[in-house]
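Working notes, structure below.
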Amino acid sequence: MGADRIAEGGEVAAAGAAATLAPGELARMYRYMLLQRLAEERVVALYYQGAIVGACFTGWGHEAIAVGAASALGPEDAAATLHRDLGARLVLGMPLRYYFANFLGRVGSPTRGREGNLHIGGLGPRILLHTDYIGANVPVAAGAALGFVVRGERRVAMALFGEGTLATGEFHEGANLAAVLRLPLVLVCWNNQFAYSTPVAREVAGPLAERMAAYGMHACAVDGNDVLAVYAAARAAVDRAREGGGPSFIECRTMRVRGHSEADDASYVPRALIEEGRRRDPVARFEQYLLEAGVLTAGQVEAAREAALAEVDEAQAWAEASPPPDPAELERGVYCEGAPWP
Amino acid sequence: MAVMTYLEAIADGLRQAMRADPSVILLGEDIGAYGGAFKLTKGFLEEFGPSRVIDTPISEAAIVGAAVGAALVGLRPVAEMQFADFISNAFNQIVNVAATSAYRAGGCVPLVVRGPCGAGTHGGPFHSQSVEAYFFHTPGLKIVMPSTPADAKGLLLAAIADPNPVLYLEHKALYRSQRGPVEEGLVPTPLGTAAVRRTGRSLTVLTYGMMVHRCLEAAERAASEGIEAEVIDLRTLLPLDLETIAGSVERTSRVLIVHEDRLRGGIGAEIAAYLGEHLFTALDAPISRLGAPDTPVPYAPPLEAAYLPSPERISQAMVRLARW
């Protein structure tokens, strides 16, 4: 037990993970990372065209965490995701169409225009409720893990969240509950250095992973821009949880390379940090790895990009064809109507 | 029919629901090995085991949050607040997470949060509160408060069967003071229906919880002065049974609302506004309300007694209103 150090551990783990993944699985992870990046580029463009009436958050630079962590889950496992985790939702089966429909406030989205952004959750048994109350998702994910244990199912729950979440009481109530009940829960933290404008040193006392190791759970820190390192740590945590080894915490170190939202110019962040973060871009890095390792040829990378762009085009067109909600529906669905929408 | 105390009826409802449906689980502080602060779940751990009777840390947000998560994956959790006062620690999970789920995503959260509320047992400011008004404002929730052993069981069964988050507020002063007939087996009291506890033509009294009993006592006193009060036990506070309320008010044309909770912003304020808006022409007198003053709940017996509407004050209000 105790916190593993980030230094060499990340690359060793990543190399191990790469060895266990078939080329098809590596290509699949690359596809989801590309989809997240290209879909978010498109949404940002729509935002600056004025097509998106609300706020615009992206997970730009967090693709390795979202995709690497969710790829470690089994087909029956569930996750509670947040606003930077599009790739995780796609891995768990959310159609990309919903992403655009939700941003555009159309009835085709699972929220039917009641929510914006990537505030999509409650999708079947795998994608748990989304709420904007940072920290609230952690007790909920612990409860899903508890539900699996009560029913004797060998399923695992995961929660993804930013480092600022560790400042909330609900996070610690959920983590403590999971630890004392030894629940099959994997806590995946994207430490992107800033919670809105507040740097991590001003947000959370003490090193994150060491702090969580004190709960008696396995805790480690990995390079959050290396999808294979994230996958390796998440896979070990998911396996441990499934075998009854209790919860784990993974600090994925990354850098928020854009503002908190598109309305934020992030002028409070030293430029050098953003530039360094962009140099370590997780999508480009993984692409380079796949080429150098001979997993994909340059032609296959190009084809993957074109295929992903076509998916983005199709999803956007589908969402734009979906009508805006009817004001007559305003008061509908406050109470349960049976099956989730749509 | 069996005869049970209010507390025994709640325990019987929980036990029957758990026997009938393996997806019903309990979460709470000291509910397992200890059997609960009021011994309500005594014997549950032995009968249902630690995977269904789950002792938790002192952690109300985690209790309700975990109940939400368990509900999302198909269970029917009943979360206990050891005292209803502590529900404020779980406010975010109830109001923002559970209650908005259906509206935001069509996701149903079948969840019961229950806890002992109310004053009269010298619990002081943090073990005596009425918490219903904090949640009455929230769309997506249901709120019930039984006053009799029969309803204590029936409303609990209906709350557990309901696909929405339901707050089940049980008055701790009624736990052992109320005893009465209770249906055996699984007979729910439908949510959203009020009960007429006493019929009368002079005025309508709208009340719930412990005040039902004080209003019935007060109605007997008023009857000696020739005033016949109709006493309606609301039972479900959200959604209110406006049909039964309106039907009675149209007959009596006078309304007294009595609750233990503070008047300002209380359930009675909403009912009064509703009646003023929709039944103005049916009224022959101003709507009257009795409730607690704008203070926390005090501890010492003289203060606590003065805080609560007494049968005497209620009966005086009945007479005043009937003669207005």
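Scheme for the structure tokens: letters A, B, ... for chains in order shown; per-chain residue numbers from 1; ligand numbers from 1 in order shown.
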Quiz prompt | Distance filter 6 Å, only C-alpha atoms, chain B against chain A, as a ChimeraX atom specification | solution = /B:51,62,65-70,73,102-108,140
Taking N, CA, C and O atoms for each residue, export the selection above as a CSV table (one decimal), in the first residue's frame.
```
chain,number,residue,atom,x,y,z
B,51,SER,N,-25.3,-7.5,4.4
B,51,SER,CA,-25.3,-6.9,3.0
B,51,SER,C,-26.6,-6.1,2.7
B,51,SER,O,-26.7,-5.3,1.8
B,62,ALA,N,-22.9,10.8,2.3
B,62,ALA,CA,-22.5,9.4,1.7
B,62,ALA,C,-23.7,8.5,1.8
B,62,ALA,O,-23.9,7.7,0.9
B,65,GLY,N,-26.1,9.7,-0.9
B,65,GLY,CA,-25.5,9.5,-2.2
B,65,GLY,C,-25.3,8.1,-2.6
B,65,GLY,O,-25.6,7.7,-3.7
B,66,ALA,N,-24.9,7.2,-1.6
B,66,ALA,CA,-24.8,5.8,-1.9
B,66,ALA,C,-26.2,5.2,-2.2
B,66,ALA,O,-26.3,4.3,-3.1
B,67,ALA,N,-27.2,5.7,-1.5
B,67,ALA,CA,-28.5,5.2,-1.8
B,67,ALA,C,-29.0,5.5,-3.2
B,67,ALA,O,-29.6,4.7,-3.9
B,68,VAL,N,-28.6,6.8,-3.7
B,68,VAL,CA,-28.9,7.2,-5.1
B,68,VAL,C,-28.2,6.2,-6.0
B,68,VAL,O,-28.8,5.7,-7.0
B,69,GLY,N,-26.9,6.0,-5.8
B,69,GLY,CA,-26.1,5.1,-6.7
B,69,GLY,C,-26.7,3.7,-6.7
B,69,GLY,O,-26.8,3.1,-7.8
B,70,ALA,N,-27.1,3.2,-5.5
B,70,ALA,CA,-27.6,1.8,-5.5
B,70,ALA,C,-29.0,1.8,-6.2
B,70,ALA,O,-29.3,0.8,-6.9
B,73,VAL,N,-28.6,1.5,-10.0
B,73,VAL,CA,-28.3,0.2,-10.5
B,73,VAL,C,-29.3,-0.9,-10.1
B,73,VAL,O,-29.1,-2.0,-10.2
B,102,ALA,N,-35.0,12.7,-12.7
B,102,ALA,CA,-36.1,12.3,-13.7
B,102,ALA,C,-36.2,13.4,-14.7
B,102,ALA,O,-36.3,13.2,-15.9
B,103,TYR,N,-36.2,14.7,-14.2
B,103,TYR,CA,-36.4,15.8,-15.1
B,103,TYR,C,-35.2,16.0,-16.1
B,103,TYR,O,-35.4,16.3,-17.3
B,104,ARG,N,-34.0,15.8,-15.6
B,104,ARG,CA,-32.8,16.1,-16.4
B,104,ARG,C,-32.6,14.9,-17.4
B,104,ARG,O,-32.1,15.2,-18.5
B,105,ALA,N,-32.8,13.7,-17.0
B,105,ALA,CA,-32.4,12.6,-17.8
B,105,ALA,C,-33.4,11.5,-17.9
B,105,ALA,O,-33.1,10.5,-18.5
B,106,GLY,N,-34.5,11.7,-17.3
B,106,GLY,CA,-35.5,10.6,-17.4
B,106,GLY,C,-35.1,9.4,-16.5
B,106,GLY,O,-35.7,8.4,-16.5
B,107,GLY,N,-34.1,9.6,-15.7
B,107,GLY,CA,-33.6,8.5,-14.8
B,107,GLY,C,-34.4,8.5,-13.5
B,107,GLY,O,-34.6,9.5,-12.9
B,108,CYS,N,-34.9,7.3,-13.1
B,108,CYS,CA,-35.7,7.2,-11.9
B,108,CYS,C,-34.8,6.8,-10.8
B,108,CYS,O,-34.0,5.9,-10.9
B,140,GLY,N,-39.7,17.2,-7.9
B,140,GLY,CA,-39.1,15.9,-8.1
B,140,GLY,C,-39.1,15.0,-6.8
B,140,GLY,O,-38.9,13.8,-6.9
```
Exercise. Compile the contact shell of B:Gly120 as a ChimeraX atom specification: residues with an atom at most 12 Å away, counting only C-alpha atoms, same-chain residues fewer than 4 positions apart removed.
Key: /B:124-125,127-130,171-175,177,210-211,260,297-310
Practice problem: Excluding B:Phe136 and residues on its chain fewer than 6 positions from it, collect all residues at most 12 Å away from it, counting only C-alpha atoms, and give them as a list in words. | Solution: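 After dropping sequence-adjacent residues, the list is Ile94, Val95, Ala99, Ser130, Lys142, Ile143, Val144, Val166, Leu167, Thr236, Leu237, Leu238, Pro239, Leu240, Gly265, Gly266, Ile267, Gly268, Ala269, Glu270 and Ile271 of chain B.
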Practice problem: Enumerate, as JSON, numbers by chain, the complete set of residues in stretch 31-211 of chain B that a backbone-based DSSP assignment places in helix (DSSP H, G or I). | Solution: {"B": [44, 45, 46, 47, 48, 60, 61, 62, 63, 64, 65, 66, 67, 68, 69, 70, 71, 72, 84, 85, 86, 87, 88, 89, 90, 91, 92, 93, 94, 95, 96, 97, 98, 101, 102, 103, 104, 105, 132, 133, 134, 135, 136, 149, 150, 151, 152, 153, 154, 155, 156, 157, 158, 159, 160, 161, 172, 173, 174, 210, 211]}
Practice problem: Please identify all polymer residues within 12 Å of B:Gly200, counting only C-alpha atoms, omitting same-chain residues fewer than 2 positions from it, and present them as an NGL selection string. | Solution: :B and (196-198 or 202-205 or 216 or 219-220 or 222-223 or 226-232 or 248-249 or 251-254 or 318 or 322)
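Of the residues under consideration (B:Gly185, B:Pro296, B:Gly43, B:Gly32), B:Gly185 shows the shortest atom-to-atom contact distance to B:Ala20 when counting only C-alpha atoms.
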